[in-house]
Amino acid sequence: MKLTTKGRYAVTAMLDLVLHGAVDASAAAADSVSLPAIGARQDISTAYLEQLFRGLRASGLVAASKGPGGGYRLARPAAEISVSDIVSAVGEGIDATRCGGAGDCQDGQECLTHGLWSDLSHQIDDFLGGISLASLVVRQEIRTVAKRQDLQASRIAAQNLH
C-alpha cells in the first residue's frame, strides 16, 4: 500500500495550480496556469503533467483554455476539491489489501485479515477526502515552500536569459 508518483504529482500540480492561478482559494481559479510553468516549479515533465491533466480534466476538476496565455484552471472551488478526488481522477487509489479489494486473497476466498486491510483503506480514503485544496494552501509550510520554489524558478529563468 502506497501512493505512487502519479498520485503525488497530481496533488502537487493541483496545489501549484491553486497557488498560482487563484485569487481566492475558496473560488475556482480565474487565471490559467500553463503546464510548463507548473513543471518548472515542481520539477515534473510537461509530458507527464499532460497525462495527469487529461484525467483531472475528464473528472471535472480542471478546465483548459487554449491560445496565448492558455493553460489550466480549477473547474470547481478549491474548497470543493479533496485530495481523494485528485488521486482518484488520475486512476490511483489507496488499497491496503493484497487482492485489490476483491476478497479473493486466499485461493479465491477472503484471507484472515482482509477486513482489517479493507477497513484501513477506507480510513485512508476518508482522511484524504476530508482534506481540500483550500485547506492545504492556507498552511504556512506550503506557502513557505511555494515562495522558495517561485524564487528558484525566477533565478533559473533569469539565468536562461543571459
# chains A, B, ... in the order shown; residues from 1 in each chain; ligands from 1
>>> select_by_dssp(residues="segment 20-71 of chain A", states="helix (DSSP H, G or I)", output="MDAnalysis selection string")
chainID A and resid 20:21 35:42 46:58
>>> closest_atom_pairs(of="segment 15-82 of chain A", to="segment 127-149 of chain A", cutoff="6 Å", atoms="only C-alpha atoms", output="JSON lines")
{"residue": "A:Ala25", "atom": "CA", "partner": "A:Ala134", "partner_atom": "CA", "distance": 5.3}
{"residue": "A:Arg41", "atom": "CA", "partner": "A:Gln149", "partner_atom": "CA", "distance": 5.7}
{"residue": "A:Ala78", "atom": "CA", "partner": "A:Ala134", "partner_atom": "CA", "distance": 4.9}
{"residue": "A:Ala79", "atom": "CA", "partner": "A:Ala134", "partner_atom": "CA", "distance": 4.7}
{"residue": "A:Ile81", "atom": "CA", "partner": "A:Ser132", "partner_atom": "CA", "distance": 5.4}
{"residue": "A:Ser82", "atom": "CA", "partner": "A:Ser132", "partner_atom": "CA", "distance": 4.1}
>>> write_last_selection(atoms="C-alpha atoms", output="short mmCIF file (atom, residue, chain, number, x, y, z; two decimals), in the first residue's frame")
data_model
loop_
_atom_site.label_atom_id
_atom_site.label_comp_id
_atom_site.auth_asym_id
_atom_site.auth_seq_id
_atom_site.Cartn_x
_atom_site.Cartn_y
_atom_site.Cartn_z
CA ALA A 25 -8.68 29.76 -2.71
CA ARG A 41 8.39 24.92 -10.36
CA ALA A 78 -10.63 24.72 -4.18
CA ALA A 79 -12.72 24.08 -1.08
CA ILE A 81 -11.78 19.50 -4.35
CA SER A 82 -10.34 16.92 -1.97
#
>>> select_by_dssp(residues="chain A", states="strand (DSSP E or B)", output="PyMOL selection string")
chain A and resi 33+62-65+71-74+82+106+109+132
>>> write_last_selection(atoms="N, CA and C atoms", output="PDB file, in the first residue's frame")
ATOM      1  N   VAL A  33      -3.023  28.565 -15.675  1.00  0.00           N
ATOM      2  CA  VAL A  33      -1.608  28.322 -15.394  1.00  0.00           C
ATOM      3  C   VAL A  33      -1.137  27.281 -16.395  1.00  0.00           C
ATOM      4  N   VAL A  62     -10.441  20.229 -13.407  1.00  0.00           N
ATOM      5  CA  VAL A  62      -9.800  21.372 -14.058  1.00  0.00           C
ATOM      6  C   VAL A  62     -10.475  21.626 -15.404  1.00  0.00           C
ATOM      7  N   ALA A  63     -10.298  22.841 -15.886  1.00  0.00           N
ATOM      8  CA  ALA A  63     -10.768  23.220 -17.209  1.00  0.00           C
ATOM      9  C   ALA A  63      -9.576  23.798 -17.957  1.00  0.00           C
ATOM     10  N   ALA A  64      -9.552  23.576 -19.262  1.00  0.00           N
ATOM     11  CA  ALA A  64      -8.437  24.037 -20.089  1.00  0.00           C
ATOM     12  C   ALA A  64      -8.851  25.262 -20.879  1.00  0.00           C
ATOM     13  N   SER A  65      -7.875  26.125 -21.142  1.00  0.00           N
ATOM     14  CA  SER A  65      -8.085  27.242 -22.055  1.00  0.00           C
ATOM     15  C   SER A  65      -6.939  27.218 -23.052  1.00  0.00           C
ATOM     16  N   GLY A  71      -3.861  27.574 -20.579  1.00  0.00           N
ATOM     17  CA  GLY A  71      -3.376  26.642 -19.579  1.00  0.00           C
ATOM     18  C   GLY A  71      -4.558  25.994 -18.893  1.00  0.00           C
ATOM     19  N   TYR A  72      -4.433  25.782 -17.613  1.00  0.00           N
ATOM     20  CA  TYR A  72      -5.485  25.146 -16.833  1.00  0.00           C
ATOM     21  C   TYR A  72      -5.870  26.008 -15.656  1.00  0.00           C
ATOM     22  N   ARG A  73      -7.125  25.847 -15.248  1.00  0.00           N
ATOM     23  CA  ARG A  73      -7.646  26.497 -14.055  1.00  0.00           C
ATOM     24  C   ARG A  73      -8.574  25.502 -13.368  1.00  0.00           C
ATOM     25  N   LEU A  74      -8.874  25.741 -12.123  1.00  0.00           N
ATOM     26  CA  LEU A  74      -9.798  24.871 -11.405  1.00  0.00           C
ATOM     27  C   LEU A  74     -11.186  24.982 -12.023  1.00  0.00           C
ATOM     28  N   SER A  82     -11.118  17.597  -3.016  1.00  0.00           N
ATOM     29  CA  SER A  82     -10.340  16.917  -1.974  1.00  0.00           C
ATOM     30  C   SER A  82      -9.131  16.211  -2.576  1.00  0.00           C
ATOM     31  N   GLN A 106      -7.081 -15.380  -0.796  1.00  0.00           N
ATOM     32  CA  GLN A 106      -6.517 -16.679  -0.428  1.00  0.00           C
ATOM     33  C   GLN A 106      -7.301 -17.782  -1.152  1.00  0.00           C
ATOM     34  N   GLN A 109     -10.856 -16.944  -1.875  1.00  0.00           N
ATOM     35  CA  GLN A 109     -11.645 -16.579  -0.691  1.00  0.00           C
ATOM     36  C   GLN A 109     -10.941 -15.441   0.049  1.00  0.00           C
ATOM     37  N   SER A 132      -9.178  19.390   1.725  1.00  0.00           N
ATOM     38  CA  SER A 132      -9.427  20.113   0.470  1.00  0.00           C
ATOM     39  C   SER A 132      -8.175  20.878   0.040  1.00  0.00           C
TER      40      SER A 132
END
>>> residues_around(residues="Gly21 of chain A", least_positions_apart="3", cutoff="12 Å", atoms="only C-alpha atoms", output="PyMOL selection string")
chain A and resi 13-18+24-25+27-35+37-38+62+69-75+77-78+137
>>> write_last_selection(atoms="N, CA and C atoms", output="PDB file, in the first residue's frame")
ATOM      1  N   ALA A  13       0.717  19.144  -8.423  1.00  0.00           N
ATOM      2  CA  ALA A  13       0.376  20.024  -9.550  1.00  0.00           C
ATOM      3  C   ALA A  13      -0.898  20.816  -9.270  1.00  0.00           C
ATOM      4  N   MET A  14      -1.870  20.171  -8.651  1.00  0.00           N
ATOM      5  CA  MET A  14      -3.110  20.877  -8.325  1.00  0.00           C
ATOM      6  C   MET A  14      -2.868  21.962  -7.272  1.00  0.00           C
ATOM      7  N   LEU A  15      -2.019  21.699  -6.303  1.00  0.00           N
ATOM      8  CA  LEU A  15      -1.673  22.734  -5.324  1.00  0.00           C
ATOM      9  C   LEU A  15      -0.983  23.906  -6.007  1.00  0.00           C
ATOM     10  N   ASP A  16      -0.072  23.606  -6.912  1.00  0.00           N
ATOM     11  CA  ASP A  16       0.616  24.655  -7.659  1.00  0.00           C
ATOM     12  C   ASP A  16      -0.397  25.477  -8.452  1.00  0.00           C
ATOM     13  N   LEU A  17      -1.340  24.800  -9.067  1.00  0.00           N
ATOM     14  CA  LEU A  17      -2.376  25.479  -9.847  1.00  0.00           C
ATOM     15  C   LEU A  17      -3.171  26.447  -8.976  1.00  0.00           C
ATOM     16  N   VAL A  18      -3.542  26.022  -7.788  1.00  0.00           N
ATOM     17  CA  VAL A  18      -4.289  26.887  -6.879  1.00  0.00           C
ATOM     18  C   VAL A  18      -3.423  28.068  -6.445  1.00  0.00           C
ATOM     19  N   ASP A  24      -8.586  33.779  -4.976  1.00  0.00           N
ATOM     20  CA  ASP A  24      -9.183  33.399  -3.697  1.00  0.00           C
ATOM     21  C   ASP A  24      -9.311  31.886  -3.692  1.00  0.00           C
ATOM     22  N   ALA A  25      -8.680  31.230  -2.748  1.00  0.00           N
ATOM     23  CA  ALA A  25      -8.682  29.765  -2.713  1.00  0.00           C
ATOM     24  C   ALA A  25     -10.068  29.180  -2.503  1.00  0.00           C
ATOM     25  N   ALA A  27     -12.624  30.074  -4.243  1.00  0.00           N
ATOM     26  CA  ALA A  27     -13.302  30.131  -5.540  1.00  0.00           C
ATOM     27  C   ALA A  27     -12.491  29.380  -6.573  1.00  0.00           C
ATOM     28  N   ALA A  28     -13.114  29.102  -7.698  1.00  0.00           N
ATOM     29  CA  ALA A  28     -12.375  28.487  -8.798  1.00  0.00           C
ATOM     30  C   ALA A  28     -11.336  29.487  -9.287  1.00  0.00           C
ATOM     31  N   ALA A  29     -10.205  29.004  -9.736  1.00  0.00           N
ATOM     32  CA  ALA A  29      -9.133  29.874 -10.192  1.00  0.00           C
ATOM     33  C   ALA A  29      -9.571  30.664 -11.415  1.00  0.00           C
ATOM     34  N   ALA A  30      -9.306  31.947 -11.418  1.00  0.00           N
ATOM     35  CA  ALA A  30      -9.691  32.806 -12.531  1.00  0.00           C
ATOM     36  C   ALA A  30      -8.640  32.770 -13.629  1.00  0.00           C
ATOM     37  N   ASP A  31      -7.380  32.688 -13.258  1.00  0.00           N
ATOM     38  CA  ASP A  31      -6.288  32.727 -14.216  1.00  0.00           C
ATOM     39  C   ASP A  31      -5.821  31.323 -14.558  1.00  0.00           C
ATOM     40  N   SER A  32      -5.509  31.117 -15.832  1.00  0.00           N
ATOM     41  CA  SER A  32      -4.971  29.830 -16.261  1.00  0.00           C
ATOM     42  C   SER A  32      -3.486  29.765 -15.949  1.00  0.00           C
ATOM     43  N   VAL A  33      -3.023  28.565 -15.675  1.00  0.00           N
ATOM     44  CA  VAL A  33      -1.608  28.322 -15.394  1.00  0.00           C
ATOM     45  C   VAL A  33      -1.137  27.281 -16.395  1.00  0.00           C
ATOM     46  N   SER A  34      -0.005  27.542 -17.031  1.00  0.00           N
ATOM     47  CA  SER A  34       0.494  26.610 -18.043  1.00  0.00           C
ATOM     48  C   SER A  34       1.180  25.411 -17.402  1.00  0.00           C
ATOM     49  N   LEU A  35       1.104  24.290 -18.086  1.00  0.00           N
ATOM     50  CA  LEU A  35       1.778  23.086 -17.586  1.00  0.00           C
ATOM     51  C   LEU A  35       3.295  23.256 -17.550  1.00  0.00           C
ATOM     52  N   ALA A  37       4.903  25.897 -16.818  1.00  0.00           N
ATOM     53  CA  ALA A  37       5.199  26.697 -15.620  1.00  0.00           C
ATOM     54  C   ALA A  37       5.102  25.822 -14.373  1.00  0.00           C
ATOM     55  N   ILE A  38       4.059  24.994 -14.303  1.00  0.00           N
ATOM     56  CA  ILE A  38       3.931  24.077 -13.161  1.00  0.00           C
ATOM     57  C   ILE A  38       5.119  23.130 -13.138  1.00  0.00           C
ATOM     58  N   VAL A  62     -10.441  20.229 -13.407  1.00  0.00           N
ATOM     59  CA  VAL A  62      -9.800  21.372 -14.058  1.00  0.00           C
ATOM     60  C   VAL A  62     -10.475  21.626 -15.404  1.00  0.00           C
ATOM     61  N   GLY A  69      -1.507  32.535 -23.443  1.00  0.00           N
ATOM     62  CA  GLY A  69      -1.925  32.684 -22.055  1.00  0.00           C
ATOM     63  C   GLY A  69      -2.806  31.548 -21.582  1.00  0.00           C
ATOM     64  N   GLY A  70      -2.927  30.528 -22.407  1.00  0.00           N
ATOM     65  CA  GLY A  70      -3.762  29.388 -22.057  1.00  0.00           C
ATOM     66  C   GLY A  70      -3.101  28.498 -21.036  1.00  0.00           C
ATOM     67  N   GLY A  71      -3.861  27.574 -20.579  1.00  0.00           N
ATOM     68  CA  GLY A  71      -3.376  26.642 -19.579  1.00  0.00           C
ATOM     69  C   GLY A  71      -4.558  25.994 -18.893  1.00  0.00           C
ATOM     70  N   TYR A  72      -4.433  25.782 -17.613  1.00  0.00           N
ATOM     71  CA  TYR A  72      -5.485  25.146 -16.833  1.00  0.00           C
ATOM     72  C   TYR A  72      -5.870  26.008 -15.656  1.00  0.00           C
ATOM     73  N   ARG A  73      -7.125  25.847 -15.248  1.00  0.00           N
ATOM     74  CA  ARG A  73      -7.646  26.497 -14.055  1.00  0.00           C
ATOM     75  C   ARG A  73      -8.574  25.502 -13.368  1.00  0.00           C
ATOM     76  N   LEU A  74      -8.874  25.741 -12.123  1.00  0.00           N
ATOM     77  CA  LEU A  74      -9.798  24.871 -11.405  1.00  0.00           C
ATOM     78  C   LEU A  74     -11.186  24.982 -12.023  1.00  0.00           C
ATOM     79  N   ALA A  75     -11.870  23.865 -12.105  1.00  0.00           N
ATOM     80  CA  ALA A  75     -13.239  23.860 -12.617  1.00  0.00           C
ATOM     81  C   ALA A  75     -14.244  24.025 -11.484  1.00  0.00           C
ATOM     82  N   PRO A  77     -14.480  25.305  -7.047  1.00  0.00           N
ATOM     83  CA  PRO A  77     -13.728  25.973  -5.976  1.00  0.00           C
ATOM     84  C   PRO A  77     -12.768  25.009  -5.276  1.00  0.00           C
ATOM     85  N   ALA A  78     -11.648  25.531  -4.851  1.00  0.00           N
ATOM     86  CA  ALA A  78     -10.628  24.723  -4.181  1.00  0.00           C
ATOM     87  C   ALA A  78     -11.172  24.045  -2.933  1.00  0.00           C
ATOM     88  N   VAL A 137      -3.683  25.088   0.952  1.00  0.00           N
ATOM     89  CA  VAL A 137      -2.974  26.301   0.524  1.00  0.00           C
ATOM     90  C   VAL A 137      -2.862  27.355   1.613  1.00  0.00           C
TER      91      VAL A 137
END
>>> closest_residue(among="A:Leu61, A:Ala10, A:Val83, A:Ala153", to="Tyr48 of chain A", atoms="only C-alpha atoms")
A:Ala10
>>> closest_residue(among="A:Glu50, A:Asp125, A:Glu80, A:Asp107", to="Asp95 of chain A", atoms="only C-alpha atoms")
A:Asp125
>>> residues_around(residues="Cys111 of chain A", least_positions_apart="4", cutoff="12 Å", atoms="only C-alpha atoms", output="PyMOL selection string")
chain A and resi 97-99+101-107+115-118
